[in-house]
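The data block below is coords-v5.cif; it holds mmCIF, C-alpha atoms (C1' of nucleotides).
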data_model
loop_
_atom_site.label_atom_id
_atom_site.label_comp_id
_atom_site.auth_asym_id
_atom_site.auth_seq_id
_atom_site.Cartn_x
_atom_site.Cartn_y
_atom_site.Cartn_z
CA MET B 19 -50.77 188.35 26.47
CA THR B 20 -49.89 188.27 22.82
CA LYS B 21 -53.47 187.34 22.05
CA LYS B 22 -54.75 190.22 24.08
CA VAL B 23 -52.72 192.79 22.18
CA LYS B 24 -53.91 191.29 18.93
CA ASN B 25 -57.51 191.56 20.04
CA ASN B 26 -57.01 195.18 21.01
CA LYS B 27 -55.77 196.15 17.55
CA ARG B 28 -58.54 194.17 16.00
CA GLN B 29 -61.04 195.92 18.23
CA LEU B 30 -59.59 199.30 17.29
CA ILE B 31 -60.00 198.47 13.61
CA LEU B 32 -63.63 197.47 14.19
CA GLU B 33 -64.38 200.64 16.12
CA GLU B 34 -62.82 202.96 13.57
CA ALA B 35 -64.50 201.02 10.78
CA ALA B 36 -67.90 201.49 12.42
CA LYS B 37 -67.29 205.24 12.64
CA LEU B 38 -66.19 205.49 9.01
CA PHE B 39 -68.94 203.22 7.69
CA LYS B 40 -71.45 205.36 9.52
CA ALA B 41 -70.01 208.57 8.11
CA LYS B 42 -69.25 207.50 4.54
CA GLY B 43 -71.02 204.16 4.06
CA PHE B 44 -69.46 200.74 3.55
CA GLY B 45 -68.85 201.27 -0.16
CA GLY B 46 -67.63 204.80 0.42
CA THR B 47 -64.96 203.69 2.87
CA SER B 48 -61.76 202.28 1.40
CA MET B 49 -59.33 200.10 3.26
CA ARG B 50 -56.80 202.90 2.82
CA ASP B 51 -59.20 205.35 4.48
CA LEU B 52 -59.61 202.93 7.33
CA GLY B 53 -55.89 202.32 7.62
CA ALA B 54 -55.24 206.05 7.87
CA GLN B 55 -57.79 206.32 10.66
CA VAL B 56 -56.32 203.38 12.54
CA GLY B 57 -52.74 204.59 12.00
CA MET B 58 -51.55 201.74 9.85
CA GLU B 59 -51.14 200.87 6.18
CA ALA B 60 -54.15 199.18 4.63
CA ALA B 61 -52.11 196.05 4.02
CA SER B 62 -51.07 195.83 7.65
CA MET B 63 -54.64 195.45 8.80
CA TYR B 64 -54.78 192.08 7.12
CA ASN B 65 -52.63 190.81 9.97
CA HIS B 66 -55.66 191.35 12.19
CA ILE B 67 -58.69 190.83 9.99
CA ASN B 68 -59.42 188.59 7.03
CA SER B 69 -61.31 190.92 4.73
CA LYS B 70 -63.31 194.11 4.49
CA ASP B 71 -66.45 191.98 4.37
CA GLU B 72 -65.49 190.32 7.63
CA ILE B 73 -65.31 193.71 9.34
CA LEU B 74 -68.88 194.46 8.29
CA GLU B 75 -70.03 191.03 9.46
CA LEU B 76 -68.44 191.39 12.88
CA ILE B 77 -70.05 194.80 13.42
CA CYS B 78 -73.50 193.77 12.22
CA PHE B 79 -73.69 190.53 14.17
CA HIS B 80 -72.32 192.12 17.32
CA VAL B 81 -75.34 194.41 17.26
CA SER B 82 -77.95 191.85 16.25
CA ASN B 83 -76.70 189.38 18.85
CA THR B 84 -77.08 192.04 21.52
CA TYR B 85 -80.67 192.71 20.54
CA VAL B 86 -81.61 189.05 20.32
CA SER B 87 -80.13 188.04 23.64
CA GLN B 88 -81.59 191.06 25.45
CA LEU B 89 -85.01 190.34 24.02
CA ALA B 90 -84.82 186.78 25.30
CA GLN B 91 -83.94 188.10 28.73
CA ILE B 92 -86.75 190.66 28.79
CA GLU B 93 -89.27 188.06 27.65
CA GLN B 94 -88.52 186.02 30.75
CA THR B 95 -88.89 188.77 33.34
CA GLU B 96 -92.18 188.84 35.21
CA THR B 97 -93.60 192.30 34.60
CA SER B 98 -96.44 193.87 32.66
CA TYR B 99 -96.27 194.05 28.88
CA VAL B 100 -96.02 197.81 29.06
CA GLU B 101 -92.93 197.43 31.22
CA LYS B 102 -91.41 194.93 28.81
CA ILE B 103 -91.96 197.24 25.87
CA LYS B 104 -90.49 200.10 27.85
CA ALA B 105 -87.47 197.95 28.62
CA LEU B 106 -86.97 197.30 24.91
CA ILE B 107 -87.25 200.98 24.05
CA HIS B 108 -84.75 201.64 26.82
CA LEU B 109 -82.39 199.07 25.32
CA HIS B 110 -82.60 200.61 21.87
CA ILE B 111 -81.93 204.13 23.05
CA ARG B 112 -79.07 203.10 25.30
CA LEU B 113 -77.36 200.99 22.69
CA MET B 114 -77.73 203.84 20.22
CA ILE B 115 -76.12 206.27 22.63
CA GLU B 116 -73.36 203.97 23.82
CA ASP B 117 -72.49 202.20 20.58
CA GLY B 118 -74.05 204.51 18.04
CA ALA B 119 -71.66 203.87 15.18
CA ALA B 120 -72.09 200.11 15.27
CA VAL B 121 -75.87 200.38 15.54
CA SER B 122 -75.87 202.77 12.64
CA VAL B 123 -73.91 200.33 10.50
CA ALA B 124 -76.23 197.47 11.46
CA ASN B 125 -79.18 199.67 10.50
CA ASN B 126 -77.89 201.02 7.22
CA ASP B 127 -75.07 198.89 5.83
CA TRP B 128 -76.28 195.38 6.60
CA LYS B 129 -77.40 195.13 2.97
CA TYR B 130 -73.80 194.86 1.86
CA LEU B 131 -73.40 191.57 3.71
CA THR B 132 -72.95 188.71 1.27
CA ASN B 133 -74.64 185.36 0.70
CA ASP B 134 -75.35 183.34 3.83
CA LYS B 135 -74.29 186.16 6.16
CA LEU B 136 -76.89 188.41 4.58
CA GLU B 137 -79.56 185.74 4.96
CA ALA B 138 -78.58 185.03 8.56
CA PHE B 139 -78.77 188.70 9.44
CA LYS B 140 -82.17 189.15 7.85
CA GLU B 141 -83.38 186.05 9.63
CA ALA B 142 -82.15 187.31 13.01
CA ARG B 143 -83.82 190.65 12.48
CA LYS B 144 -87.07 189.03 11.41
CA ASN B 145 -87.10 186.90 14.54
CA TYR B 146 -86.41 189.91 16.72
CA GLU B 147 -89.26 191.82 15.13
CA LYS B 148 -91.55 188.83 15.60
CA GLY B 149 -90.70 188.65 19.29
CA PHE B 150 -91.23 192.38 19.73
CA ALA B 151 -94.53 192.24 17.84
CA ALA B 152 -95.71 189.37 20.01
CA LEU B 153 -95.20 191.48 23.13
CA ILE B 154 -97.30 194.26 21.64
CA GLU B 155 -100.01 191.81 20.64
CA GLN B 156 -100.10 190.26 24.08
CA GLY B 157 -100.18 193.72 25.60
CA ILE B 158 -103.28 194.51 23.57
CA ALA B 159 -104.89 191.17 24.44
CA ALA B 160 -104.20 191.82 28.11
CA GLY B 161 -105.95 195.17 27.86
CA GLU B 162 -102.79 197.13 28.63
CA LEU B 163 -102.56 198.76 25.20
CA GLN B 164 -104.87 200.34 22.66
CA PRO B 165 -106.01 197.95 19.92
CA VAL B 166 -103.62 199.42 17.34
CA ASN B 167 -102.32 197.67 14.24
CA THR B 168 -99.44 195.61 15.62
CA SER B 169 -97.10 196.01 12.66
CA VAL B 170 -97.66 199.74 12.50
CA ALA B 171 -97.00 200.06 16.21
CA LEU B 172 -93.88 197.91 16.01
CA PHE B 173 -92.28 199.81 13.17
CA THR B 174 -93.30 203.17 14.52
CA ILE B 175 -91.53 202.36 17.77
CA LEU B 176 -88.44 200.94 16.07
CA SER B 177 -88.16 203.91 13.73
CA ALA B 178 -88.92 206.54 16.33
CA VAL B 179 -85.97 205.20 18.25
CA ARG B 180 -83.64 205.16 15.27
CA TRP B 181 -83.42 208.92 14.86
CA VAL B 182 -81.42 209.11 18.07
CA GLU B 183 -78.48 207.97 15.97
CA LEU B 184 -78.87 210.92 13.65
CA TRP B 185 -79.57 213.56 16.20
CA TYR B 186 -78.27 212.84 19.66
CA ARG B 187 -75.04 214.58 20.70
CA PRO B 188 -73.79 214.64 24.29
CA GLY B 189 -73.91 218.44 24.32
CA ARG B 190 -77.40 219.16 23.04
CA GLY B 191 -78.72 220.26 26.39
CA ILE B 192 -80.62 217.07 27.04
CA THR B 193 -79.41 214.07 29.01
CA ALA B 194 -79.87 210.48 27.94
CA GLU B 195 -82.42 210.01 30.71
CA GLU B 196 -84.49 213.00 29.70
CA LEU B 197 -84.35 211.97 26.08
CA GLU B 198 -85.49 208.50 26.93
CA GLU B 199 -88.35 209.73 29.06
CA ASN B 200 -89.50 212.17 26.38
CA ILE B 201 -89.54 209.52 23.67
CA MET B 202 -91.36 207.01 25.84
CA THR B 203 -94.02 209.52 26.87
CA LEU B 204 -94.53 210.44 23.26
CA LEU B 205 -94.86 206.86 22.05
CA LEU B 206 -97.11 205.83 24.92
CA ASN B 207 -99.32 208.93 25.19
CA GLY B 208 -98.98 210.79 21.90
CA ILE B 209 -98.74 214.54 21.43
CA ALA B 210 -102.42 215.45 21.24
CA LYS B 211 -104.22 216.92 24.20
CA MET J 68 -90.56 216.94 -29.80
CA THR J 69 -86.90 216.06 -29.80
CA LYS J 70 -86.51 217.78 -26.46
CA LYS J 71 -89.39 215.79 -25.05
CA VAL J 72 -87.87 212.46 -26.01
CA LYS J 73 -84.61 213.57 -24.47
CA ASN J 74 -86.36 214.46 -21.25
CA ASN J 75 -88.09 211.12 -21.18
CA LYS J 76 -84.83 209.21 -21.41
CA ARG J 77 -83.33 211.48 -18.83
CA GLN J 78 -86.31 210.88 -16.58
CA LEU J 79 -85.98 207.13 -17.08
CA ILE J 80 -82.35 207.29 -16.02
CA LEU J 81 -83.25 209.25 -12.90
CA GLU J 82 -86.00 206.82 -11.95
CA GLU J 83 -83.86 203.73 -12.41
CA ALA J 84 -81.01 205.43 -10.59
CA ALA J 85 -83.26 206.14 -7.62
CA LYS J 86 -84.27 202.47 -7.48
CA LEU J 87 -80.69 201.26 -7.68
CA PHE J 88 -79.34 203.83 -5.22
CA LYS J 89 -82.05 202.79 -2.79
CA ALA J 90 -81.23 199.10 -3.20
CA LYS J 91 -77.43 199.24 -3.35
CA GLY J 92 -76.48 202.74 -2.25
CA PHE J 93 -74.87 205.51 -4.30
CA GLY J 94 -71.37 204.12 -3.96
CA GLY J 95 -72.56 200.57 -4.53
CA THR J 96 -74.17 201.45 -7.84
CA SER J 97 -71.88 201.70 -10.86
CA MET J 98 -72.72 203.54 -14.04
CA ARG J 99 -72.57 200.15 -15.79
CA ASP J 100 -75.16 198.75 -13.36
CA LEU J 101 -77.37 201.71 -14.09
CA GLY J 102 -76.86 201.44 -17.84
CA ALA J 103 -77.90 197.79 -17.76
CA GLN J 104 -81.07 198.71 -15.87
CA VAL J 105 -81.90 201.52 -18.28
CA GLY J 106 -81.07 199.37 -21.31
CA MET J 107 -78.11 201.32 -22.56
CA GLU J 108 -74.34 201.30 -22.33
CA ALA J 109 -72.94 203.35 -19.46
CA ALA J 110 -71.23 205.69 -21.89
CA SER J 111 -74.48 206.36 -23.76
CA MET J 112 -76.09 207.84 -20.70
CA TYR J 113 -73.70 210.76 -20.93
CA ASN J 114 -75.76 211.96 -23.86
CA HIS J 115 -78.52 212.66 -21.32
CA ILE J 116 -76.79 213.49 -18.05
CA ASN J 117 -73.54 215.20 -17.16
CA SER J 118 -72.22 213.02 -14.38
CA LYS J 119 -73.10 210.46 -11.75
CA ASP J 120 -73.00 213.22 -9.16
CA GLU J 121 -75.56 215.21 -11.13
CA ILE J 122 -77.99 212.28 -10.99
CA LEU J 123 -77.77 212.26 -7.21
CA GLU J 124 -78.24 216.02 -7.06
CA LEU J 125 -81.33 215.97 -9.26
CA ILE J 126 -82.94 213.24 -7.16
CA CYS J 127 -82.14 214.83 -3.80
CA PHE J 128 -83.24 218.34 -4.70
CA HIS J 129 -86.39 217.14 -6.39
CA VAL J 130 -87.41 215.67 -3.04
CA SER J 131 -86.27 218.55 -0.84
CA ASN J 132 -87.94 221.10 -3.11
CA THR J 133 -91.20 219.22 -2.82
CA TYR J 134 -91.04 219.28 0.97
CA VAL J 135 -90.09 222.93 1.18
CA SER J 136 -92.77 224.18 -1.18
CA GLN J 137 -95.48 222.04 0.40
CA LEU J 138 -94.53 223.30 3.85
CA ALA J 139 -94.85 226.89 2.66
CA GLN J 140 -98.29 226.09 1.31
CA ILE J 141 -99.46 224.38 4.50
CA GLU J 142 -98.17 227.22 6.65
CA GLN J 143 -100.49 229.60 4.83
CA THR J 144 -103.70 227.58 5.17
CA GLU J 145 -106.07 228.71 7.90
CA THR J 146 -106.58 225.66 10.07
CA SER J 147 -105.62 224.48 13.53
CA TYR J 148 -102.02 223.50 14.25
CA VAL J 149 -103.07 219.90 14.72
CA GLU J 150 -104.51 219.93 11.22
CA LYS J 151 -101.34 221.45 9.80
CA ILE J 152 -99.20 218.81 11.44
CA LYS J 153 -101.53 216.13 10.17
CA ALA J 154 -101.21 217.59 6.69
CA LEU J 155 -97.43 217.34 6.93
CA ILE J 156 -97.55 213.75 8.10
CA HIS J 157 -99.93 213.07 5.24
CA LEU J 158 -97.46 214.63 2.82
CA HIS J 159 -94.58 212.52 4.09
CA ILE J 160 -96.47 209.26 3.89
CA ARG J 161 -97.87 209.98 0.46
CA LEU J 162 -94.56 211.02 -1.02
CA MET J 163 -92.96 207.91 0.46
CA ILE J 164 -95.58 205.69 -1.12
CA GLU J 165 -95.68 207.42 -4.49
CA ASP J 166 -92.00 208.24 -4.95
CA GLY J 167 -90.42 205.94 -2.40
CA ALA J 168 -87.13 205.37 -4.17
CA ALA J 169 -86.35 209.07 -4.54
CA VAL J 170 -87.32 209.81 -0.95
CA SER J 171 -85.14 206.96 0.19
CA VAL J 172 -82.17 208.37 -1.71
CA ALA J 173 -82.78 211.85 -0.29
CA ASN J 174 -82.92 210.30 3.19
CA ASN J 175 -79.87 208.05 2.96
CA ASP J 176 -77.55 209.10 0.15
CA TRP J 177 -77.65 212.88 0.44
CA LYS J 178 -74.31 212.68 2.27
CA TYR J 179 -72.57 211.82 -0.98
CA LEU J 180 -73.46 215.20 -2.43
CA THR J 181 -70.35 217.33 -2.89
CA ASN J 182 -69.28 220.80 -1.84
CA ASP J 183 -71.90 223.51 -2.25
CA LYS J 184 -74.63 221.04 -3.23
CA LEU J 185 -74.11 219.26 0.06
CA GLU J 186 -74.28 222.51 1.98
CA ALA J 187 -77.37 223.66 0.09
CA PHE J 188 -79.16 220.41 0.81
CA LYS J 189 -78.33 220.51 4.52
CA GLU J 190 -79.49 224.11 4.65
CA ALA J 191 -82.80 223.25 2.97
CA ARG J 192 -83.38 220.40 5.36
CA LYS J 193 -82.54 222.54 8.37
CA ASN J 194 -85.01 225.18 7.27
CA TYR J 195 -87.70 222.59 6.73
CA GLU J 196 -87.14 221.16 10.19
CA LYS J 197 -87.26 224.64 11.67
CA GLY J 198 -90.59 225.35 10.01
CA PHE J 199 -92.00 222.03 11.16
CA ALA J 200 -90.74 222.58 14.70
CA ALA J 201 -92.31 226.04 14.76
CA LEU J 202 -95.71 224.53 14.01
CA ILE J 203 -95.33 222.11 16.90
CA GLU J 204 -94.26 224.90 19.22
CA GLN J 205 -97.16 227.09 18.22
CA GLY J 206 -99.50 224.13 18.66
CA ILE J 207 -98.26 223.74 22.21
CA ALA J 208 -98.56 227.46 22.89
CA ALA J 209 -102.11 227.42 21.55
CA GLY J 210 -102.98 224.61 23.94
CA GLU J 211 -103.64 222.12 21.15
CA LEU J 212 -100.73 219.86 22.01
CA GLN J 213 -99.11 218.39 25.11
CA PRO J 214 -96.10 220.39 26.34
CA VAL J 215 -93.58 217.91 24.93
CA ASN J 216 -89.98 218.62 24.02
CA THR J 217 -90.28 220.13 20.55
CA SER J 218 -87.14 218.59 19.07
CA VAL J 219 -88.00 215.16 20.38
CA ALA J 220 -91.53 215.45 18.99
CA LEU J 221 -90.27 216.67 15.62
CA PHE J 222 -87.74 213.91 15.11
CA THR J 223 -90.03 211.24 16.46
CA ILE J 224 -92.64 212.22 13.89
CA LEU J 225 -90.13 212.47 11.03
CA SER J 226 -88.59 209.11 11.89
CA ALA J 227 -91.84 207.33 12.54
CA VAL J 228 -92.84 208.28 9.05
CA ARG J 229 -89.59 207.14 7.46
CA TRP J 230 -90.08 203.44 8.10
CA VAL J 231 -92.84 203.40 5.50
CA GLU J 232 -90.06 203.35 2.95
CA LEU J 233 -88.62 200.17 4.44
CA TRP J 234 -91.82 198.34 5.05
CA TYR J 235 -94.73 199.40 2.89
CA ARG J 236 -95.60 197.17 -0.05
CA PRO J 237 -98.82 197.54 -2.04
CA GLY J 238 -99.79 193.95 -1.17
CA ARG J 239 -99.36 193.88 2.59
CA GLY J 240 -103.05 193.83 3.31
CA ILE J 241 -103.21 197.46 4.34
CA THR J 242 -104.15 200.40 2.15
CA ALA J 243 -102.33 203.69 2.10
CA GLU J 244 -105.31 205.33 3.81
CA GLU J 245 -105.42 202.79 6.63
CA LEU J 246 -101.69 203.01 7.09
CA GLU J 247 -101.85 206.77 7.29
CA GLU J 248 -104.68 206.73 9.79
CA ASN J 249 -102.91 204.17 11.98
CA ILE J 250 -99.69 206.14 12.09
CA MET J 251 -101.45 209.41 12.84
CA THR J 252 -103.51 207.89 15.63
CA LEU J 253 -100.38 206.41 17.12
CA LEU J 254 -98.40 209.64 17.00
CA LEU J 255 -101.26 211.74 18.30
CA ASN J 256 -102.66 209.41 20.95
CA GLY J 257 -99.91 206.90 21.74
CA ILE J 258 -100.34 203.18 22.36
CA ALA J 259 -101.01 203.17 26.10
CA LYS J 260 -104.51 202.81 27.47
"C1'" DT R 204 -28.28 186.60 23.58
"C1'" DA R 205 -30.37 183.63 19.81
"C1'" DG R 206 -34.35 182.16 17.59
"C1'" DA R 207 -39.12 182.54 16.72
"C1'" DT R 208 -43.18 184.93 16.07
"C1'" DA R 209 -46.05 188.93 15.41
"C1'" DA R 210 -46.90 193.06 13.06
"C1'" DA R 211 -45.54 196.68 10.38
"C1'" DC R 212 -44.11 198.17 5.60
"C1'" DA R 213 -43.71 199.19 0.32
"C1'" DA R 214 -44.81 197.48 -4.06
"C1'" DA R 215 -47.50 195.32 -7.07
"C1'" DC R 216 -51.60 192.35 -8.71
"C1'" DG R 217 -55.86 192.21 -11.41
"C1'" DT R 218 -60.49 194.53 -11.34
"C1'" DT R 219 -63.62 197.94 -11.41
"C1'" DT R 220 -64.59 202.70 -11.31
"C1'" DG R 221 -66.39 207.26 -13.74
"C1'" DT R 222 -65.62 209.38 -17.78
"C1'" DT R 223 -63.97 210.71 -22.62
"C1'" DA R 224 -63.11 210.06 -27.56
"C1'" DG R 225 -64.17 208.50 -31.88
"C1'" DT R 226 -67.42 206.14 -34.72
"C1'" DT R 227 -71.72 204.14 -36.30
"C1'" DT R 228 -76.71 203.97 -36.52
"C1'" DA R 229 -81.29 205.94 -36.39
"C1'" DT R 230 -84.54 209.94 -36.95
"C1'" DC R 231 -86.44 213.76 -39.12
"C1'" DG R 232 -87.05 218.24 -41.65
"C1'" DA R 233 -86.17 220.26 -46.27
"C1'" DT S 188 -83.69 211.44 -50.96
"C1'" DC S 189 -80.15 214.14 -48.88
"C1'" DG S 190 -77.93 216.32 -45.00
"C1'" DA S 191 -78.02 217.26 -40.26
"C1'" DT S 192 -78.60 216.14 -35.67
"C1'" DA S 193 -79.43 213.12 -31.83
"C1'" DA S 194 -78.31 209.04 -29.57
"C1'" DA S 195 -76.48 204.76 -29.50
"C1'" DC S 196 -72.13 202.00 -29.71
"C1'" DT S 197 -66.97 200.20 -28.82
"C1'" DA S 198 -62.66 201.11 -26.95
"C1'" DA S 199 -59.82 203.17 -24.03
"C1'" DC S 200 -58.25 206.33 -20.15
"C1'" DA S 201 -56.32 207.18 -15.50
"C1'" DA S 202 -57.52 206.55 -10.90
"C1'" DA S 203 -58.96 203.89 -7.09
"C1'" DC S 204 -60.34 199.56 -5.35
"C1'" DG S 205 -59.46 195.09 -2.16
"C1'" DT S 206 -56.00 192.06 -1.59
"C1'" DT S 207 -51.39 189.36 -1.93
"C1'" DT S 208 -46.59 189.15 -1.85
"C1'" DG S 209 -42.06 189.48 -0.04
"C1'" DT S 210 -39.42 191.81 3.27
"C1'" DT S 211 -38.13 194.42 7.35
"C1'" DT S 212 -38.70 195.71 12.10
"C1'" DA S 213 -40.14 195.03 16.76
"C1'" DT S 214 -41.29 191.94 20.70
"C1'" DC S 215 -41.23 188.08 23.50
"C1'" DT S 216 -39.39 183.25 24.92
"C1'" DA S 217 -36.03 180.01 25.99
#
Would you encode the structure as structure tokens?
Amino acid sequence: MTKKVKNNKRQLILEEAAKLFKAKGFGGTSMRDLGAQVGMEAASMYNHINSKDEILELICFHVSNTYVSQLAQIEQTETSYVEKIKALIHLHIRLMIEDGAAVSVANNDWKYLTNDKLEAFKEARKNYEKGFAALIEQGIAAGELQPVNTSVALFTILSAVRWVELWYRPGRGITAEELEENIMTLLLNGIAK
Amino acid sequence: MTKKVKNNKRQLILEEAAKLFKAKGFGGTSMRDLGAQVGMEAASMYNHINSKDEILELICFHVSNTYVSQLAQIEQTETSYVEKIKALIHLHIRLMIEDGAAVSVANNDWKYLTNDKLEAFKEARKNYEKGFAALIEQGIAAGELQPVNTSVALFTILSAVRWVELWYRPGRGITAEELEENIMTLLLNGIAK
DNA sequence: TAGATAAACAAACGTTTGTTAGTTTATCGA
DNA sequence: TCGATAAACTAACAAACGTTTGTTTATCTA
């Protein structure tokens, strides 16, 4: 019980931190800013977390672990490569909509990770990109996709999906499903007639 | 002559600042960091610039002014809408390759602009996006483009082009021309067969 | 209810921040 | 060569930073 309460406060700190880091950047967010948002003195937060750096680490690796484990799962399903790629795009958009602040931090503030944490994060991302690229390559080899440059295709997809973080608001007159379908159609079929 | 030397030093400071802001963020870059990169004490730079904020402003508005004026020029050329959109994509990719650090700062650190400068920058960007969106809409109306959601198409294009900043290196085995062609093909035709 | 533990606080720490002031060095026209 | 101006320097500033300390308050267990 005691542990559960502790985890809740800790979780609250992480959530508010993600929001503030997204809005003002890691360096632009002070522990006093964060404390004010959480409703606590900056010093008090050290009862729940070890350091400002640790907050960033927990947010970044939460996101990267999600991507990595979901990729592993998708790789093992028995569907076409097009379907697998669609599933990954789906994952990206959904995670962005549901946990936008954390994804944003993992996208933009990962570079403030230090030493081995920074290396580990870069390594995880590189492996994820490799796995994603392999699916595209196999899709081309299987004749399901156009023979595009794999790297260009990979990064175009990843980037095209990133803007959702900057643009999507629940009241923009477009649902998550519509948004997803529009993006997928665009990436798969292009805009030209 | 004296003025020219002054401008050169000032330009050097702006260029090194763009590199550092890109690498470590605006907040993560101290005036002492910047001075070391420029080869000068932090205090000495105040002979050439007025404040750290001013450096950010000069970089951001240099980029946004380029976009705005180029858009105006493209709008007035007499070609198809597809060609106009291609010209804009071309502009984005070229500017990213030639002045990547500044573009990166304008993309990521503009939020640290203050007061009226922040508002002015947001306004300029909004107008640019409106102009770009109008071209897409007219392209659809003219039957040149698929009837996609205009906003989704706009932001997918803008984002797809942004990753160049994160990925492109002169020695990656792909020329700027090839890169550009690959991205355009992808955005116009998609990856599906 | 007494004792222990968790979680809040205010105050202070040593650094680092952007910036200013005062001074010295280099450059250049007269 | 002298005097002026530009541009570098060192030293210091107040403010803000992440974090630690010591203490008080609240909560749960026995």
| Exercise: residues within 12 Å of coordinate (-77.8, 214.0, -15.6), counting all atoms listed in the file, as a PyMOL selection string | chain J and resi 73-74+76-82+84+98+111-126
| task | Extract, using only C-alpha atoms (C1' of nucleotides), all DNA, RNA and protein residues at most 8 Å from stretch 191-200 of chain S, discarding same-chain residues fewer than 3 positions from it, and format them as a ChimeraX atom specification. | result | /J:107-108,111,114 /R:223,227-228,230
Saved selection, atoms kept: C-alpha atoms (C1' of nucleotides), as a PDB file, in the frame of the given file:
ATOM      1  CA  MET J 107     -78.110 201.320 -22.560  1.00  0.00           C
ATOM      2  CA  GLU J 108     -74.340 201.300 -22.330  1.00  0.00           C
ATOM      3  CA  SER J 111     -74.480 206.360 -23.760  1.00  0.00           C
ATOM      4  CA  ASN J 114     -75.760 211.960 -23.860  1.00  0.00           C
TER       5      ASN J 114
ATOM      6  C1'  DT R 223     -63.970 210.710 -22.620  1.00  0.00           C
ATOM      7  C1'  DT R 227     -71.720 204.140 -36.300  1.00  0.00           C
ATOM      8  C1'  DT R 228     -76.710 203.970 -36.520  1.00  0.00           C
ATOM      9  C1'  DT R 230     -84.540 209.940 -36.950  1.00  0.00           C
TER      10       DT R 230
END
| field | Selected residue of minimal separation from J:Phe188 among J:Glu211, J:Glu150, J:Glu247, J:Asp176, counting only C-alpha atoms | value | J:Asp176
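Compared by their closest atoms to S:DT212, and using all atoms listed in the file, the residues R:DT218, R:DT204, R:DA211, R:DA233 rank with R:DA211 nearest.
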Take the PyMOL selection byres ((chain R and resi 208) around 12), apply it to the structure above, and return the hits as a PDB file with C-alpha atoms (C1' of nucleotides), in the coordinates of the input.
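Saved result, selection_6.pdb, follows:
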ATOM      1  CA  THR B  20     -49.890 188.270  22.820  1.00  0.00           C
TER       2      THR B  20
ATOM      3  C1'  DG R 206     -34.350 182.160  17.590  1.00  0.00           C
ATOM      4  C1'  DA R 207     -39.120 182.540  16.720  1.00  0.00           C
ATOM      5  C1'  DA R 209     -46.050 188.930  15.410  1.00  0.00           C
ATOM      6  C1'  DA R 210     -46.900 193.060  13.060  1.00  0.00           C
TER       7       DA R 210
ATOM      8  C1'  DA S 213     -40.140 195.030  16.760  1.00  0.00           C
ATOM      9  C1'  DT S 214     -41.290 191.940  20.700  1.00  0.00           C
ATOM     10  C1'  DC S 215     -41.230 188.080  23.500  1.00  0.00           C
ATOM     11  C1'  DT S 216     -39.390 183.250  24.920  1.00  0.00           C
TER      12       DT S 216
END
| task | Enter the distance from atom CA of J:Ile156 to atom CA of J:Lys89, in Å, rounded to one decimal. | result | 21.9 Å
